[in-house]
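Peer 1: Structure file target-v7.cif, mmCIF, N, CA and C atoms, is pasted below:
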data_entry
loop_
_atom_site.label_atom_id
_atom_site.label_comp_id
_atom_site.auth_asym_id
_atom_site.auth_seq_id
_atom_site.Cartn_x
_atom_site.Cartn_y
_atom_site.Cartn_z
N MET A 1 -9.00 -32.77 -5.56
CA MET A 1 -9.34 -31.37 -5.78
C MET A 1 -8.18 -30.69 -6.50
N ASN A 2 -8.49 -29.81 -7.41
CA ASN A 2 -7.50 -29.10 -8.19
C ASN A 2 -6.72 -28.13 -7.30
N PRO A 3 -5.40 -28.28 -7.15
CA PRO A 3 -4.63 -27.39 -6.28
C PRO A 3 -4.55 -25.97 -6.82
N HIS A 4 -4.93 -25.75 -8.08
CA HIS A 4 -4.90 -24.41 -8.66
C HIS A 4 -6.25 -23.71 -8.55
N GLN A 5 -7.20 -24.33 -7.92
CA GLN A 5 -8.54 -23.75 -7.81
C GLN A 5 -8.49 -22.46 -6.98
N PHE A 6 -9.11 -21.42 -7.50
CA PHE A 6 -9.16 -20.16 -6.77
C PHE A 6 -10.23 -20.23 -5.70
N GLU A 7 -9.85 -19.91 -4.48
CA GLU A 7 -10.78 -19.85 -3.37
C GLU A 7 -10.91 -18.42 -2.87
N GLY A 8 -10.07 -17.54 -3.31
CA GLY A 8 -10.12 -16.16 -2.84
C GLY A 8 -9.30 -15.26 -3.73
N ARG A 9 -9.48 -13.97 -3.61
CA ARG A 9 -8.72 -13.00 -4.40
C ARG A 9 -7.74 -12.29 -3.47
N HIS A 10 -6.55 -12.13 -3.94
CA HIS A 10 -5.52 -11.45 -3.17
C HIS A 10 -4.81 -10.44 -4.06
N ASP A 11 -3.94 -9.65 -3.52
CA ASP A 11 -3.34 -8.55 -4.26
C ASP A 11 -1.97 -8.87 -4.86
N ARG A 12 -1.65 -10.12 -5.03
CA ARG A 12 -0.36 -10.49 -5.61
C ARG A 12 -0.59 -11.46 -6.77
N ASP A 13 0.47 -11.64 -7.58
CA ASP A 13 0.41 -12.64 -8.64
C ASP A 13 0.82 -13.99 -8.09
N CYS A 14 0.18 -15.03 -8.56
CA CYS A 14 0.50 -16.38 -8.11
C CYS A 14 1.70 -16.89 -8.89
N GLY A 15 2.74 -17.31 -8.18
CA GLY A 15 3.92 -17.85 -8.83
C GLY A 15 3.64 -19.15 -9.53
N ARG A 16 2.64 -19.90 -9.06
CA ARG A 16 2.31 -21.18 -9.65
C ARG A 16 1.38 -21.01 -10.84
N CYS A 17 0.34 -20.18 -10.69
CA CYS A 17 -0.67 -20.04 -11.73
C CYS A 17 -0.41 -18.88 -12.67
N GLY A 18 0.31 -17.85 -12.19
CA GLY A 18 0.61 -16.70 -13.03
C GLY A 18 -0.57 -15.80 -13.33
N LYS A 19 -1.65 -15.93 -12.58
CA LYS A 19 -2.82 -15.09 -12.82
C LYS A 19 -2.55 -13.69 -12.28
N PRO A 20 -2.67 -12.65 -13.10
CA PRO A 20 -2.41 -11.29 -12.63
C PRO A 20 -3.47 -10.82 -11.64
N ASP A 21 -3.03 -9.99 -10.69
CA ASP A 21 -3.91 -9.36 -9.71
C ASP A 21 -4.68 -10.35 -8.85
N ARG A 22 -4.24 -11.56 -8.78
CA ARG A 22 -4.87 -12.56 -7.94
C ARG A 22 -3.80 -13.38 -7.27
N TYR A 23 -4.09 -13.82 -6.08
CA TYR A 23 -3.22 -14.78 -5.43
C TYR A 23 -4.13 -15.86 -4.90
N PRO A 24 -4.14 -16.99 -5.55
CA PRO A 24 -5.11 -18.01 -5.17
C PRO A 24 -4.80 -18.65 -3.83
N VAL A 25 -5.84 -19.05 -3.20
CA VAL A 25 -5.71 -19.86 -1.99
C VAL A 25 -5.87 -21.29 -2.47
N HIS A 26 -4.79 -22.01 -2.51
CA HIS A 26 -4.82 -23.38 -3.02
C HIS A 26 -5.35 -24.32 -1.95
N VAL A 27 -6.26 -25.15 -2.35
CA VAL A 27 -6.85 -26.12 -1.43
C VAL A 27 -6.23 -27.47 -1.77
N ASN A 28 -5.38 -27.98 -0.89
CA ASN A 28 -4.65 -29.21 -1.16
C ASN A 28 -5.32 -30.44 -0.56
N ASP A 29 -6.19 -30.25 0.41
CA ASP A 29 -6.97 -31.35 0.94
C ASP A 29 -8.26 -30.76 1.48
N LEU A 30 -9.11 -31.57 2.04
CA LEU A 30 -10.45 -31.11 2.44
C LEU A 30 -10.42 -30.07 3.54
N ASP A 31 -9.44 -30.09 4.44
CA ASP A 31 -9.44 -29.18 5.57
C ASP A 31 -8.53 -27.98 5.38
N ARG A 32 -7.57 -28.08 4.49
CA ARG A 32 -6.57 -27.01 4.35
C ARG A 32 -7.09 -25.91 3.45
N LYS A 33 -6.90 -24.67 3.86
CA LYS A 33 -7.24 -23.50 3.03
C LYS A 33 -6.14 -22.49 3.29
N CYS A 34 -5.06 -22.59 2.51
CA CYS A 34 -3.86 -21.80 2.79
C CYS A 34 -3.17 -21.46 1.48
N ALA A 35 -2.77 -20.19 1.33
CA ALA A 35 -2.02 -19.78 0.14
C ALA A 35 -0.62 -20.40 0.19
N ASP A 36 -0.09 -20.72 -0.96
CA ASP A 36 1.24 -21.33 -1.02
C ASP A 36 2.30 -20.46 -0.38
N TRP A 37 2.20 -19.15 -0.51
CA TRP A 37 3.19 -18.23 0.04
C TRP A 37 3.10 -18.12 1.55
N CYS A 38 1.99 -18.55 2.14
CA CYS A 38 1.78 -18.38 3.58
C CYS A 38 2.57 -19.42 4.38
N GLY A 39 2.27 -20.67 4.16
CA GLY A 39 2.98 -21.73 4.85
C GLY A 39 2.56 -21.99 6.28
N TYR A 40 1.56 -21.27 6.78
CA TYR A 40 1.14 -21.43 8.16
C TYR A 40 0.33 -22.71 8.37
N GLY A 41 -0.28 -23.19 7.29
CA GLY A 41 -1.12 -24.39 7.40
C GLY A 41 -2.56 -24.05 7.75
N CYS A 42 -3.04 -22.95 7.22
CA CYS A 42 -4.40 -22.48 7.52
C CYS A 42 -5.43 -23.53 7.11
N THR A 43 -6.52 -23.57 7.88
CA THR A 43 -7.57 -24.55 7.63
C THR A 43 -8.88 -23.86 7.27
N GLN A 44 -9.78 -24.65 6.72
CA GLN A 44 -11.11 -24.15 6.42
C GLN A 44 -11.80 -23.69 7.70
N LYS A 45 -11.59 -24.40 8.80
CA LYS A 45 -12.20 -24.02 10.08
C LYS A 45 -11.71 -22.64 10.52
N MET A 46 -10.41 -22.36 10.37
CA MET A 46 -9.88 -21.05 10.73
C MET A 46 -10.51 -19.96 9.88
N TYR A 47 -10.68 -20.24 8.59
CA TYR A 47 -11.31 -19.28 7.69
C TYR A 47 -12.77 -19.04 8.10
N ASP A 48 -13.49 -20.12 8.35
CA ASP A 48 -14.90 -20.01 8.74
C ASP A 48 -15.06 -19.21 10.03
N GLU A 49 -14.17 -19.43 10.99
CA GLU A 49 -14.23 -18.68 12.25
C GLU A 49 -13.95 -17.20 12.02
N ALA A 50 -12.97 -16.89 11.20
CA ALA A 50 -12.66 -15.48 10.90
C ALA A 50 -13.82 -14.81 10.18
N LEU A 51 -14.42 -15.53 9.23
CA LEU A 51 -15.57 -14.98 8.50
C LEU A 51 -16.74 -14.74 9.44
N TRP A 52 -17.04 -15.71 10.30
CA TRP A 52 -18.15 -15.53 11.26
C TRP A 52 -17.89 -14.34 12.17
N THR A 53 -16.66 -14.21 12.66
CA THR A 53 -16.30 -13.10 13.54
C THR A 53 -16.49 -11.76 12.84
N ALA A 54 -16.04 -11.67 11.59
CA ALA A 54 -16.18 -10.42 10.83
C ALA A 54 -17.66 -10.10 10.60
N GLN A 55 -18.43 -11.09 10.21
CA GLN A 55 -19.86 -10.86 9.95
C GLN A 55 -20.59 -10.47 11.24
N HIS A 56 -20.26 -11.11 12.34
CA HIS A 56 -20.88 -10.81 13.63
C HIS A 56 -20.52 -9.38 14.08
N THR A 57 -19.27 -8.99 13.90
CA THR A 57 -18.83 -7.65 14.27
C THR A 57 -19.52 -6.60 13.40
N ALA A 58 -19.61 -6.85 12.10
CA ALA A 58 -20.28 -5.92 11.19
C ALA A 58 -21.76 -5.76 11.59
N LYS A 59 -22.38 -6.85 11.95
CA LYS A 59 -23.79 -6.80 12.37
C LYS A 59 -23.94 -5.97 13.64
N ARG A 60 -23.00 -6.11 14.57
CA ARG A 60 -23.06 -5.34 15.82
C ARG A 60 -22.91 -3.85 15.55
N LEU A 61 -22.13 -3.48 14.55
CA LEU A 61 -21.92 -2.07 14.23
C LEU A 61 -23.07 -1.47 13.43
N GLY A 62 -23.85 -2.29 12.77
CA GLY A 62 -25.01 -1.80 12.03
C GLY A 62 -24.75 -1.62 10.55
N ASP A 63 -25.69 -0.94 9.90
CA ASP A 63 -25.61 -0.72 8.45
C ASP A 63 -24.35 0.07 8.09
N GLY A 64 -23.83 -0.21 6.91
CA GLY A 64 -22.69 0.54 6.41
C GLY A 64 -21.33 -0.06 6.74
N TRP A 65 -21.30 -1.24 7.32
CA TRP A 65 -20.03 -1.90 7.66
C TRP A 65 -19.91 -3.18 6.85
N LYS A 66 -18.72 -3.41 6.30
CA LYS A 66 -18.48 -4.57 5.44
C LYS A 66 -17.47 -5.50 6.11
N ALA A 67 -17.80 -6.78 6.18
CA ALA A 67 -16.92 -7.80 6.76
C ALA A 67 -15.85 -8.19 5.74
N GLU A 68 -14.60 -8.31 6.20
CA GLU A 68 -13.50 -8.75 5.34
C GLU A 68 -12.66 -9.79 6.07
N VAL A 69 -12.17 -10.75 5.30
CA VAL A 69 -11.28 -11.79 5.83
C VAL A 69 -10.02 -11.77 4.99
N PHE A 70 -8.87 -11.86 5.65
CA PHE A 70 -7.61 -11.86 4.92
C PHE A 70 -6.65 -12.84 5.59
N GLU A 71 -5.65 -13.25 4.82
CA GLU A 71 -4.69 -14.23 5.32
C GLU A 71 -3.34 -13.58 5.54
N ASN A 72 -2.80 -13.82 6.73
CA ASN A 72 -1.46 -13.36 7.08
C ASN A 72 -0.99 -14.23 8.24
N MET A 73 -0.39 -15.35 7.91
CA MET A 73 -0.01 -16.36 8.92
C MET A 73 -1.24 -16.75 9.74
N GLY A 74 -2.26 -17.13 9.05
CA GLY A 74 -3.55 -17.47 9.64
C GLY A 74 -4.62 -16.56 9.06
N TRP A 75 -5.87 -16.95 9.20
CA TRP A 75 -6.97 -16.13 8.71
C TRP A 75 -7.35 -15.11 9.76
N HIS A 76 -7.52 -13.86 9.33
CA HIS A 76 -7.87 -12.75 10.21
C HIS A 76 -9.08 -12.03 9.64
N SER A 77 -9.73 -11.24 10.48
CA SER A 77 -10.90 -10.53 10.00
C SER A 77 -10.90 -9.09 10.46
N LYS A 78 -11.67 -8.29 9.76
CA LYS A 78 -11.90 -6.90 10.14
C LYS A 78 -13.20 -6.47 9.48
N VAL A 79 -13.72 -5.35 9.94
CA VAL A 79 -14.86 -4.74 9.28
C VAL A 79 -14.45 -3.33 8.89
N VAL A 80 -14.99 -2.86 7.77
CA VAL A 80 -14.60 -1.57 7.23
C VAL A 80 -15.85 -0.72 7.03
N SER A 81 -15.75 0.56 7.40
CA SER A 81 -16.88 1.47 7.22
C SER A 81 -17.16 1.68 5.74
N GLU A 82 -18.35 2.14 5.47
CA GLU A 82 -18.78 2.34 4.09
C GLU A 82 -17.83 3.24 3.30
N ASN A 83 -17.29 4.28 3.93
CA ASN A 83 -16.39 5.18 3.23
C ASN A 83 -14.94 4.71 3.26
N GLY A 84 -14.67 3.61 3.96
CA GLY A 84 -13.33 3.03 3.99
C GLY A 84 -12.35 3.72 4.93
N ARG A 85 -12.79 4.72 5.66
CA ARG A 85 -11.88 5.47 6.54
C ARG A 85 -11.66 4.80 7.90
N VAL A 86 -12.65 4.04 8.36
CA VAL A 86 -12.56 3.41 9.68
C VAL A 86 -12.62 1.90 9.50
N SER A 87 -11.76 1.19 10.21
CA SER A 87 -11.83 -0.27 10.24
C SER A 87 -11.75 -0.73 11.69
N VAL A 88 -12.31 -1.89 11.95
CA VAL A 88 -12.31 -2.46 13.29
C VAL A 88 -11.82 -3.90 13.21
N SER A 89 -10.81 -4.20 14.03
CA SER A 89 -10.31 -5.57 14.14
C SER A 89 -10.88 -6.18 15.41
N PRO A 90 -11.54 -7.33 15.30
CA PRO A 90 -12.08 -7.99 16.48
C PRO A 90 -10.97 -8.61 17.33
N PRO A 91 -11.29 -9.01 18.55
CA PRO A 91 -10.29 -9.70 19.38
C PRO A 91 -9.72 -10.90 18.64
N ASN A 92 -8.45 -11.17 18.86
CA ASN A 92 -7.75 -12.25 18.18
C ASN A 92 -7.29 -13.26 19.23
N ALA A 93 -7.85 -14.45 19.19
CA ALA A 93 -7.52 -15.48 20.18
C ALA A 93 -6.04 -15.85 20.14
N ARG A 94 -5.45 -15.91 18.94
CA ARG A 94 -4.04 -16.26 18.84
C ARG A 94 -3.15 -15.22 19.51
N ALA A 95 -3.56 -13.96 19.43
CA ALA A 95 -2.78 -12.88 20.05
C ALA A 95 -3.22 -12.65 21.49
N GLN A 96 -4.16 -13.42 21.95
CA GLN A 96 -4.72 -13.31 23.30
C GLN A 96 -5.28 -11.92 23.57
N SER A 97 -5.82 -11.32 22.54
CA SER A 97 -6.44 -10.00 22.66
C SER A 97 -7.88 -10.15 23.11
N LYS A 98 -8.32 -9.26 23.98
CA LYS A 98 -9.70 -9.30 24.44
C LYS A 98 -10.46 -8.05 24.02
N HIS A 99 -9.82 -7.16 23.26
CA HIS A 99 -10.44 -5.91 22.88
C HIS A 99 -10.57 -5.79 21.36
N TYR A 100 -11.51 -4.98 20.96
CA TYR A 100 -11.64 -4.58 19.57
C TYR A 100 -10.71 -3.38 19.37
N THR A 101 -10.11 -3.28 18.19
CA THR A 101 -9.26 -2.14 17.89
C THR A 101 -9.79 -1.47 16.64
N ALA A 102 -10.04 -0.15 16.75
CA ALA A 102 -10.53 0.63 15.62
C ALA A 102 -9.39 1.48 15.08
N TYR A 103 -9.38 1.65 13.77
CA TYR A 103 -8.36 2.44 13.09
C TYR A 103 -9.04 3.50 12.23
N PHE A 104 -8.47 4.68 12.21
CA PHE A 104 -8.93 5.77 11.33
C PHE A 104 -7.72 6.21 10.54
N ASP A 105 -7.86 6.26 9.22
CA ASP A 105 -6.72 6.62 8.39
C ASP A 105 -7.15 7.62 7.34
N LYS A 106 -6.63 8.81 7.44
CA LYS A 106 -6.86 9.86 6.45
C LYS A 106 -5.61 10.73 6.43
N GLY A 107 -4.53 10.17 5.94
CA GLY A 107 -3.26 10.88 5.94
C GLY A 107 -2.50 10.68 7.24
N GLN A 108 -3.21 10.77 8.35
CA GLN A 108 -2.61 10.50 9.66
C GLN A 108 -3.34 9.28 10.23
N HIS A 109 -2.60 8.44 10.91
CA HIS A 109 -3.14 7.17 11.39
C HIS A 109 -3.51 7.26 12.87
N TYR A 110 -4.71 6.83 13.21
CA TYR A 110 -5.17 6.79 14.59
C TYR A 110 -5.63 5.37 14.92
N SER A 111 -5.49 4.99 16.18
CA SER A 111 -6.04 3.69 16.61
C SER A 111 -6.43 3.79 18.08
N ALA A 112 -7.44 3.01 18.44
CA ALA A 112 -7.91 2.96 19.83
C ALA A 112 -8.61 1.63 20.04
N SER A 113 -8.62 1.17 21.28
CA SER A 113 -9.25 -0.11 21.61
C SER A 113 -10.46 0.11 22.50
N GLY A 114 -11.33 -0.91 22.52
CA GLY A 114 -12.50 -0.88 23.38
C GLY A 114 -13.01 -2.27 23.62
N ALA A 115 -13.84 -2.42 24.64
CA ALA A 115 -14.39 -3.74 24.98
C ALA A 115 -15.43 -4.19 23.97
N THR A 116 -16.02 -3.26 23.22
CA THR A 116 -16.99 -3.58 22.18
C THR A 116 -16.56 -2.87 20.90
N PRO A 117 -17.08 -3.29 19.75
CA PRO A 117 -16.71 -2.59 18.52
C PRO A 117 -17.15 -1.12 18.53
N THR A 118 -18.33 -0.84 19.08
CA THR A 118 -18.79 0.55 19.11
C THR A 118 -17.93 1.39 20.05
N ALA A 119 -17.47 0.82 21.15
CA ALA A 119 -16.58 1.55 22.07
C ALA A 119 -15.26 1.86 21.38
N ALA A 120 -14.72 0.93 20.62
CA ALA A 120 -13.47 1.16 19.91
C ALA A 120 -13.63 2.25 18.86
N VAL A 121 -14.72 2.22 18.10
CA VAL A 121 -14.96 3.25 17.09
C VAL A 121 -15.13 4.61 17.76
N GLY A 122 -15.89 4.66 18.84
CA GLY A 122 -16.07 5.91 19.57
C GLY A 122 -14.76 6.47 20.07
N ALA A 123 -13.89 5.62 20.58
CA ALA A 123 -12.60 6.06 21.11
C ALA A 123 -11.69 6.60 20.01
N VAL A 124 -11.65 5.94 18.88
CA VAL A 124 -10.77 6.43 17.81
C VAL A 124 -11.31 7.72 17.22
N LEU A 125 -12.63 7.84 17.09
CA LEU A 125 -13.19 9.08 16.55
C LEU A 125 -13.01 10.24 17.53
N ALA A 126 -13.01 9.96 18.82
CA ALA A 126 -12.74 11.00 19.82
C ALA A 126 -11.33 11.55 19.64
N GLN A 127 -10.37 10.68 19.37
CA GLN A 127 -8.99 11.12 19.12
C GLN A 127 -8.93 12.03 17.90
N VAL A 128 -9.64 11.63 16.84
CA VAL A 128 -9.64 12.40 15.60
C VAL A 128 -10.26 13.78 15.84
N ARG A 129 -11.36 13.81 16.58
CA ARG A 129 -12.04 15.08 16.86
C ARG A 129 -11.14 16.04 17.64
N VAL A 130 -10.42 15.53 18.63
CA VAL A 130 -9.51 16.38 19.41
C VAL A 130 -8.46 16.99 18.50
N ASP A 131 -7.84 16.16 17.65
CA ASP A 131 -6.82 16.69 16.74
C ASP A 131 -7.43 17.67 15.74
N ALA A 132 -8.61 17.38 15.25
CA ALA A 132 -9.27 18.28 14.29
C ALA A 132 -9.56 19.63 14.94
N GLU A 133 -10.02 19.62 16.17
CA GLU A 133 -10.29 20.88 16.89
C GLU A 133 -9.00 21.65 17.11
N ASP A 134 -7.93 20.95 17.48
CA ASP A 134 -6.63 21.61 17.66
C ASP A 134 -6.15 22.24 16.35
N MET A 135 -6.32 21.53 15.24
CA MET A 135 -5.90 22.06 13.95
C MET A 135 -6.73 23.27 13.56
N MET A 136 -8.03 23.23 13.79
CA MET A 136 -8.90 24.36 13.46
C MET A 136 -8.51 25.58 14.30
N GLN A 137 -8.21 25.37 15.57
CA GLN A 137 -7.79 26.48 16.42
C GLN A 137 -6.47 27.07 15.92
N ALA A 138 -5.54 26.21 15.55
CA ALA A 138 -4.25 26.68 15.03
C ALA A 138 -4.45 27.48 13.74
N LEU A 139 -5.35 27.04 12.90
CA LEU A 139 -5.63 27.77 11.65
C LEU A 139 -6.21 29.16 11.94
N GLU A 140 -7.11 29.21 12.91
CA GLU A 140 -7.73 30.48 13.27
C GLU A 140 -6.70 31.45 13.84
N GLU A 141 -5.69 30.95 14.52
CA GLU A 141 -4.67 31.79 15.13
C GLU A 141 -3.67 32.35 14.12
N LEU A 142 -3.64 31.75 12.95
CA LEU A 142 -2.72 32.23 11.90
C LEU A 142 -3.18 33.59 11.40
N ASP A 143 -2.26 34.48 11.24
CA ASP A 143 -2.58 35.79 10.70
C ASP A 143 -2.18 35.79 9.22
N TYR A 144 -2.97 35.13 8.44
CA TYR A 144 -2.64 34.99 7.02
C TYR A 144 -3.87 35.16 6.18
#
Have the structure of the file written as structure tokens, please.
Peer 2:
Amino acid sequence: MNPHQFEGRHDRDCGRCGKPDRYPVHVNDLDRKCADWCGYGCTQKMYDEALWTAQHTAKRLGDGWKAEVFENMGWHSKVVSENGRVSVSPPNARAQSKHYTAYFDKGQHYSASGATPTAAVGAVLAQVRVDAEDMMQALEELDY
């Protein structure tokens, strides 16, 4: 198999291939699926598990969620809302996590965990709503 074969798109240039705006995942044997810069020894099985987890989580959240898989010392997954403001990371066996973690990012960063993806999203949005209400009250109190 060609070690320069692109298996995925990444946000860096490949030192070996020199392709701009891409960082290939070089496949050196049938089971390995790992970028040269990673060095963790990622496998196709790890990638497949991360992809399945992301797709399963997106399905649980319903329409408007996109599954994503990325490499960072192993294959990881997340799902992202249609507008890109909310993301959910599923439990990670390597980190011995048993909860989903939701993130909201719009200038200020929020995160919250839950036993299910919907619980995590609900918890993070509750944090955002509290801060939004506090900000609206502070604005109303301004004499300007």
Peer 1: Care to translate the PyMOL selection byres ((chain A and resi 65) around 8) into actual residues of this file, as a list in words?
Peer 2: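 Matching residues under the PyMOL selection byres ((chain A and resi 65) around 8) are Thr57, Ala58, Lys59, Leu61, Gly62, Asp63, Gly64, Lys66, Ala67, Glu68, Lys78, Val79, Val80, Ser81, Glu82 and Asn83 of chain A.
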Peer 1: Which is closest to A:Ser87 among A:Asp131, A:Asp105, A:Glu71, A:Glu140, if we use only C-alpha atoms?
Peer 2: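 Ranking A:Asp131, A:Asp105, A:Glu71, A:Glu140 by distance to A:Ser87, first place goes to A:Asp105.
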Peer 1: Report, in Å with one decimal, the straight-line distance from atom CA of A:Lys106 to atom C of A:Ala123.
Peer 2: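 Interatomic distance, atom CA of A:Lys106 to atom C of A:Ala123: 14.8 Å.
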Peer 1: When DSSP is applied to the backbone of this structure, which of stretch 13-141 of chain A are assigned alpha helix (DSSP H)? Write them out as a ChimeraX atom specification.
Peer 2: /A:44-61,117-141
Peer 1: Run DSSP on the backbone and grab whatever in stretch 24-80 of chain A lands in strand (DSSP E or B); send it over as a ChimeraX atom specification.
Peer 2: /A:32,43,65-71,75-80
Peer 1: Identify which of the residues A:Val86, A:Met46, A:Ser77, A:Gln55 lies closest to A:Val121, counting only N, CA and C atoms when measuring atom-to-atom distances.
Peer 2: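 Residue with the minimum atom-to-atom distance to A:Val121: A:Val86.
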Peer 1: Could you check which of A:His56, A:Tyr110, A:Gly74, A:Ser89 is closest to A:Val130, using only C-alpha atoms?
Peer 2: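 Comparing A:His56, A:Tyr110, A:Gly74, A:Ser89 against A:Val130, the winner is A:Tyr110.
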Peer 1: I need the residue set behind the PyMOL selection byres ((chain A and resi 111) around 6.5) for this file; please write it as a list in words.
Peer 2: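 Applying the PyMOL selection byres ((chain A and resi 111) around 6.5) to the structure shown produces Thr101, Ala102, Tyr103, Phe104, His109, Tyr110, Ala112, Ser113, Ala123 and Val124 of chain A.
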Peer 1: Return as AutoDock Vina command-line options the centre and edge lengths, in Å with one decimal, of the box along x, y and z that encloses every atom of stretch 80-85 of chain A in the file, padded by 4 Å per side.
Peer 2:
--center_x -15.2 --center_y 1.3 --center_z 5.6 --size_x 15.1 --size_y 16.3 --size_z 12.7
Peer 1: Would you mind reading off the distance between atom C of A:Ala120 and atom N of A:Asn72, one decimal, in Å?
Peer 2: 22.9 Å
Peer 1: Kindly give the distance, in Å, that separates atom N of A:Arg32 and atom CA of A:His76, rounded to a single decimal.
Peer 2: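 We find that atom N of A:Arg32 and atom CA of A:His76 lie 16.4 Å from each other.
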Peer 1: For each of A:Lys45, A:Arg60, A:Arg85, A:Lys33, take the minimum atom-to-atom distance to A:Ala119, counting only C-alpha atoms, then give the residue where this is smallest.
Peer 2: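 Closest candidate: A:Arg60.
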Peer 1: Mind checking which residues fall within 7 Å of A:Met73, counting all atoms listed in the file, ignoring those fewer than 5 positions away in the same chain, and posting them as a ChimeraX atom specification?
Peer 2: /A:38-42
